[in-house]
Amino acid sequence: MALTKDTRLPLNDGNTIPILGLGTYASPDVPKSTGEEATKVAIELGYRHIDCAYIYGNEVQIGSAIRAKIADGTVKREDIFYTGKLWPTFFSPDLVRKGLEKSLSDVGLEYLDLFIMHWPFSLKHEGAEKPANSDKPFAYDDVDFCSTWEALEACKDAGLVKSIGVSNFNRRQLERLLNKQGLKYKPVCNQVECHIYLGQSKLQAYCKSKDIILVAYSVLGSHRDKDWVDLSLPVLLEDPILGEVAAKYNRTPAEVAMRFVLQKGIVVLAKSFSTARLKQNLGVFDFELKPEDMKTLESLDKNLHYGPFKEMKQHPEYPFDDEY
Ligand SMILES: NC(=O)c1ccc[n+]([C@@H]2O[C@H](COP(=O)([O-])OP(=O)(O)OC[C@H]3O[C@@H](n4cnc5c(N)ncnc54)[C@H](OP(=O)(O)O)[C@@H]3O)[C@@H](O)[C@H]2O)c1
């Protein structure tokens, strides 16, 4: 099947997800209005899937951009696929709906298309709206994500979200959720870091066997925000082999890095707040990588996490110590 910007993959609950999504995380020094303007431009260019989260602190602006593009007739609400994420300070079952309602009111939409648990571990709520942040140490909590999931199922039943899923879950955690007694809905997706240096092939195969879609973040090598990423790690888009493949197709390394993940049947999130790069990134639908070039790129896998989230390493549900 030829991929186009309008290609959507089926989800296990009967809904569909656009194969390319706009990432909206930016470091705190970037004015929130930049993301708002970029989201408007992206929708004008044809992006329909917007990935956001409570913790990004920009749902008001991203929501405002979406509503502006609905109001001016560029799109209808049903054309847009908006993902929100439940931050771990809201994992206690009595807080899940509150967390979702906060996102709904900030974004200004009546429902979210997809709502996912941001991480498998929980953090103490501390009775405040504001989550634990980098100037305060993370306060671990021990809410079982299976009980959080039941509250998410209730949100879907209430019509507040179309689909529910998870993010940053390893196989063991997915298995535990899938084997939960009385499971009503399976997660539709697992959103994880995935790129030429972190192929996630075992996790993808497992998810496929359970009809769960993989959604890839940091496909371009991440935002390289010094608060989250070790800046001594190699710059993905400067990889010489990636560069050689890109030159062969007369494409940019970014287009090839994205195309590689798309061709593996994985939904790609890519963040750009630049009009030129938003346009360039749609070029992924104008070419196809040959099997031998897919293989070459596959060989670059070195299990490298740009975002290992080491701050959480002591939490019993830290996901990245397992093989996958
Ligand atoms: N679930 C999770 O835990 C999680 C974690 C991380 C990210 N995410 C989601 O995934 C999204 C994407 O991941 P990410 O933000 O880590 O980064 P990414 O998409 O891998 O990379 C973003 C960086 O690449 C640059 N860029 C974009 N297009 C480019 C091009 N054609 N050529 C060169 N550079 C280009 C961007 O700069 P410009 O803006 O200047 O173009 C930005 O600095 C996030 O925004 C967020 O929505 C989720």
# chains A, B, ... in the order shown; residues from 1 in each chain; ligands from 1

$ residues_near_ligand --ligand "ligand 1" --cutoff "7 Å" --atoms "only C-alpha atoms and all ligand atoms" --output "number ranges by chain"
A: 22-26, 51-52, 118-119, 167-168, 191-193, 217-224, 254-255, 269-274, 277-278, 280-281

$ residues_around --residues "Thr148 (chain A)" --least-positions-apart "6" --cutoff "10 Å" --atoms "only C-alpha atoms" --output "ChimeraX atom specification"
/A:86,88,90-96,117,120,122

$ residues_around --residues "Lys295 (chain A)" --least-positions-apart "6" --cutoff "12 Å" --atoms "only C-alpha atoms" --output "PyMOL selection string"
chain A and resi 196+199+241-242+245+260+263-264+289+301

$ write_last_selection --atoms "N, CA and C atoms" --output "compact mmCIF listing (two decimals), in the first residue's frame"
# COMPACT_ATOMS: atom_id res chain seq x y z
N ILE A 196 16.39 5.04 13.96
CA ILE A 196 17.43 4.16 13.38
C ILE A 196 18.37 3.57 14.43
N GLY A 199 15.64 0.39 17.15
CA GLY A 199 14.68 -0.17 16.19
C GLY A 199 13.40 -0.70 16.81
N ILE A 241 26.03 7.00 7.52
CA ILE A 241 25.32 6.00 6.69
C ILE A 241 23.94 6.53 6.30
N LEU A 242 23.27 7.13 7.28
CA LEU A 242 21.97 7.75 6.98
C LEU A 242 22.16 8.79 5.87
N VAL A 245 22.53 7.11 2.45
CA VAL A 245 21.24 6.64 1.91
C VAL A 245 20.43 7.84 1.43
N PHE A 260 12.02 5.47 7.04
CA PHE A 260 12.45 4.15 7.54
C PHE A 260 11.46 3.62 8.58
N GLN A 263 7.96 2.88 7.04
CA GLN A 263 7.92 1.63 6.24
C GLN A 263 7.91 0.38 7.11
N LYS A 264 8.27 0.54 8.37
CA LYS A 264 8.17 -0.61 9.29
C LYS A 264 6.74 -0.77 9.82
N LEU A 289 11.87 3.58 0.29
CA LEU A 289 13.20 2.98 0.48
C LEU A 289 13.18 1.54 -0.02
N ASP A 301 20.99 0.00 14.32
CA ASP A 301 20.38 -0.13 15.66
C ASP A 301 21.46 -0.39 16.72

$ select_by_dssp --residues "region 152-298 of chain A" --states "alpha helix (DSSP H)" --output "ChimeraX atom specification"
/A:152-157,171-178,201-209,240-249,253-263,275-281,291-298

$ residues_around --residues "region 99-111 of chain A" --least-positions-apart "6" --cutoff "10 Å" --atoms "only C-alpha atoms" --output "PyMOL selection string"
chain A and resi 52-54+57-67+77+82+84-91+129+152+155-156+158-162

$ write_last_selection --atoms "N, CA and C atoms" --output "tab-separated table (two decimals), in the first residue's frame"
chain	number	residue	atom	x	y	z
A	52	CYS	N	0.24	15.76	21.87
A	52	CYS	CA	0.51	16.74	22.92
A	52	CYS	C	0.46	16.04	24.27
A	53	ALA	N	0.55	16.78	25.35
A	53	ALA	CA	0.50	16.18	26.69
A	53	ALA	C	0.36	17.28	27.72
A	54	TYR	N	-0.29	16.93	28.81
A	54	TYR	CA	-0.43	17.86	29.95
A	54	TYR	C	0.92	18.41	30.37
A	57	GLY	N	2.78	21.52	29.00
A	57	GLY	CA	2.40	22.87	29.42
A	57	GLY	C	1.91	23.75	28.29
A	58	ASN	N	1.47	23.15	27.18
A	58	ASN	CA	1.06	23.97	26.02
A	58	ASN	C	-0.29	23.56	25.45
A	59	GLU	N	-1.07	22.81	26.23
A	59	GLU	CA	-2.33	22.33	25.65
A	59	GLU	C	-3.27	23.50	25.33
A	60	VAL	N	-3.18	24.59	26.08
A	60	VAL	CA	-4.04	25.75	25.80
A	60	VAL	C	-3.73	26.29	24.40
A	61	GLN	N	-2.41	26.44	24.12
A	61	GLN	CA	-2.02	27.05	22.84
A	61	GLN	C	-2.25	26.09	21.67
A	62	ILE	N	-1.92	24.81	21.87
A	62	ILE	CA	-2.10	23.85	20.77
A	62	ILE	C	-3.60	23.70	20.48
A	63	GLY	N	-4.40	23.65	21.55
A	63	GLY	CA	-5.85	23.55	21.39
A	63	GLY	C	-6.40	24.78	20.68
A	64	SER	N	-5.86	25.93	21.04
A	64	SER	CA	-6.34	27.17	20.42
A	64	SER	C	-6.06	27.15	18.91
A	65	ALA	N	-4.88	26.63	18.53
A	65	ALA	CA	-4.53	26.53	17.10
A	65	ALA	C	-5.51	25.60	16.38
A	66	ILE	N	-5.81	24.48	17.00
A	66	ILE	CA	-6.74	23.51	16.37
A	66	ILE	C	-8.12	24.16	16.21
A	67	ARG	N	-8.56	24.82	17.27
A	67	ARG	CA	-9.91	25.41	17.22
A	67	ARG	C	-9.96	26.53	16.18
A	77	ARG	N	-13.72	19.09	13.14
A	77	ARG	CA	-13.20	18.41	14.35
A	77	ARG	C	-12.84	16.97	14.05
A	82	TYR	N	-6.30	14.11	17.96
A	82	TYR	CA	-5.53	14.75	19.03
A	82	TYR	C	-5.21	13.74	20.13
A	84	GLY	N	-3.68	13.17	23.90
A	84	GLY	CA	-3.28	13.74	25.19
A	84	GLY	C	-2.68	12.64	26.05
A	85	LYS	N	-1.96	13.03	27.10
A	85	LYS	CA	-1.29	12.02	27.93
A	85	LYS	C	-1.54	12.30	29.41
A	86	LEU	N	-1.86	11.22	30.12
A	86	LEU	CA	-2.11	11.32	31.56
A	86	LEU	C	-0.77	11.28	32.29
A	87	TRP	N	-0.44	12.39	32.95
A	87	TRP	CA	0.84	12.45	33.67
A	87	TRP	C	0.73	11.60	34.95
A	88	PRO	N	1.84	10.94	35.37
A	88	PRO	CA	1.79	9.99	36.49
A	88	PRO	C	1.33	10.54	37.83
A	89	THR	N	1.23	11.87	37.97
A	89	THR	CA	0.67	12.42	39.23
A	89	THR	C	-0.84	12.26	39.27
A	90	PHE	N	-1.43	11.84	38.15
A	90	PHE	CA	-2.89	11.66	38.08
A	90	PHE	C	-3.28	10.19	38.01
A	91	PHE	N	-2.39	9.29	38.43
A	91	PHE	CA	-2.65	7.85	38.21
A	91	PHE	C	-3.63	7.25	39.21
A	129	GLU	N	-2.42	20.90	41.28
A	129	GLU	CA	-2.57	20.75	39.83
A	129	GLU	C	-1.21	20.56	39.17
A	152	LEU	N	-9.34	4.77	33.06
A	152	LEU	CA	-9.27	5.21	31.66
A	152	LEU	C	-10.39	4.55	30.84
A	155	CYS	N	-13.43	6.46	31.26
A	155	CYS	CA	-13.41	7.72	30.48
A	155	CYS	C	-13.82	7.45	29.03
A	156	LYS	N	-13.39	6.30	28.50
A	156	LYS	CA	-13.79	5.95	27.13
A	156	LYS	C	-15.30	5.67	27.11
A	158	ALA	N	-17.46	6.93	28.95
A	158	ALA	CA	-18.19	8.20	29.13
A	158	ALA	C	-18.13	9.07	27.88
A	159	GLY	N	-17.40	8.61	26.85
A	159	GLY	CA	-17.34	9.36	25.59
A	159	GLY	C	-16.37	10.52	25.62
A	160	LEU	N	-15.53	10.59	26.65
A	160	LEU	CA	-14.58	11.72	26.74
A	160	LEU	C	-13.34	11.49	25.89
A	161	VAL	N	-13.07	10.23	25.56
A	161	VAL	CA	-11.95	9.88	24.68
A	161	VAL	C	-12.42	8.77	23.75
A	162	LYS	N	-11.88	8.79	22.52
A	162	LYS	CA	-12.27	7.76	21.55
A	162	LYS	C	-11.47	6.48	21.78

$ residues_around --residues "Thr7 (chain A)" --least-positions-apart "5" --cutoff "12 Å" --atoms "only C-alpha atoms" --output "count of residues only"
18

$ closest_residue --among "A:Thr34, A:Glu288, A:Asp321, A:Ser27" --to "Asp227 (chain A)" --atoms "only C-alpha atoms"
A:Ser27

$ closest_residue --among "A:Lys313, A:Lys302, A:Val261, A:Asp322" --to "Phe138 (chain A)" --atoms "only C-alpha atoms"
A:Lys313

$ residues_around --residues "Leu233 (chain A)" --least-positions-apart "3" --cutoff "12 Å" --atoms "only C-alpha atoms" --output "ChimeraX atom specification"
/A:197,221-222,224,226,228-230,236-239,302,304-308

$ select_by_dssp --residues "region 38-269 of chain A" --states "strand (DSSP E or B)" --output "PyMOL selection string"
chain A and resi 49-51+81-86+112-117+122-123+140-141+161-167+189-193+195+198+213-217+267-269

$ closest_residue --among "A:Arg171, A:Lys248, A:Lys279, A:Lys5" --to "Lys202 (chain A)" --atoms "only C-alpha atoms"
A:Arg171

$ atom_distance --atom1 "CA of Leu198 (chain A)" --atom2 "CA of Ile116 (chain A)"
21.5 Å
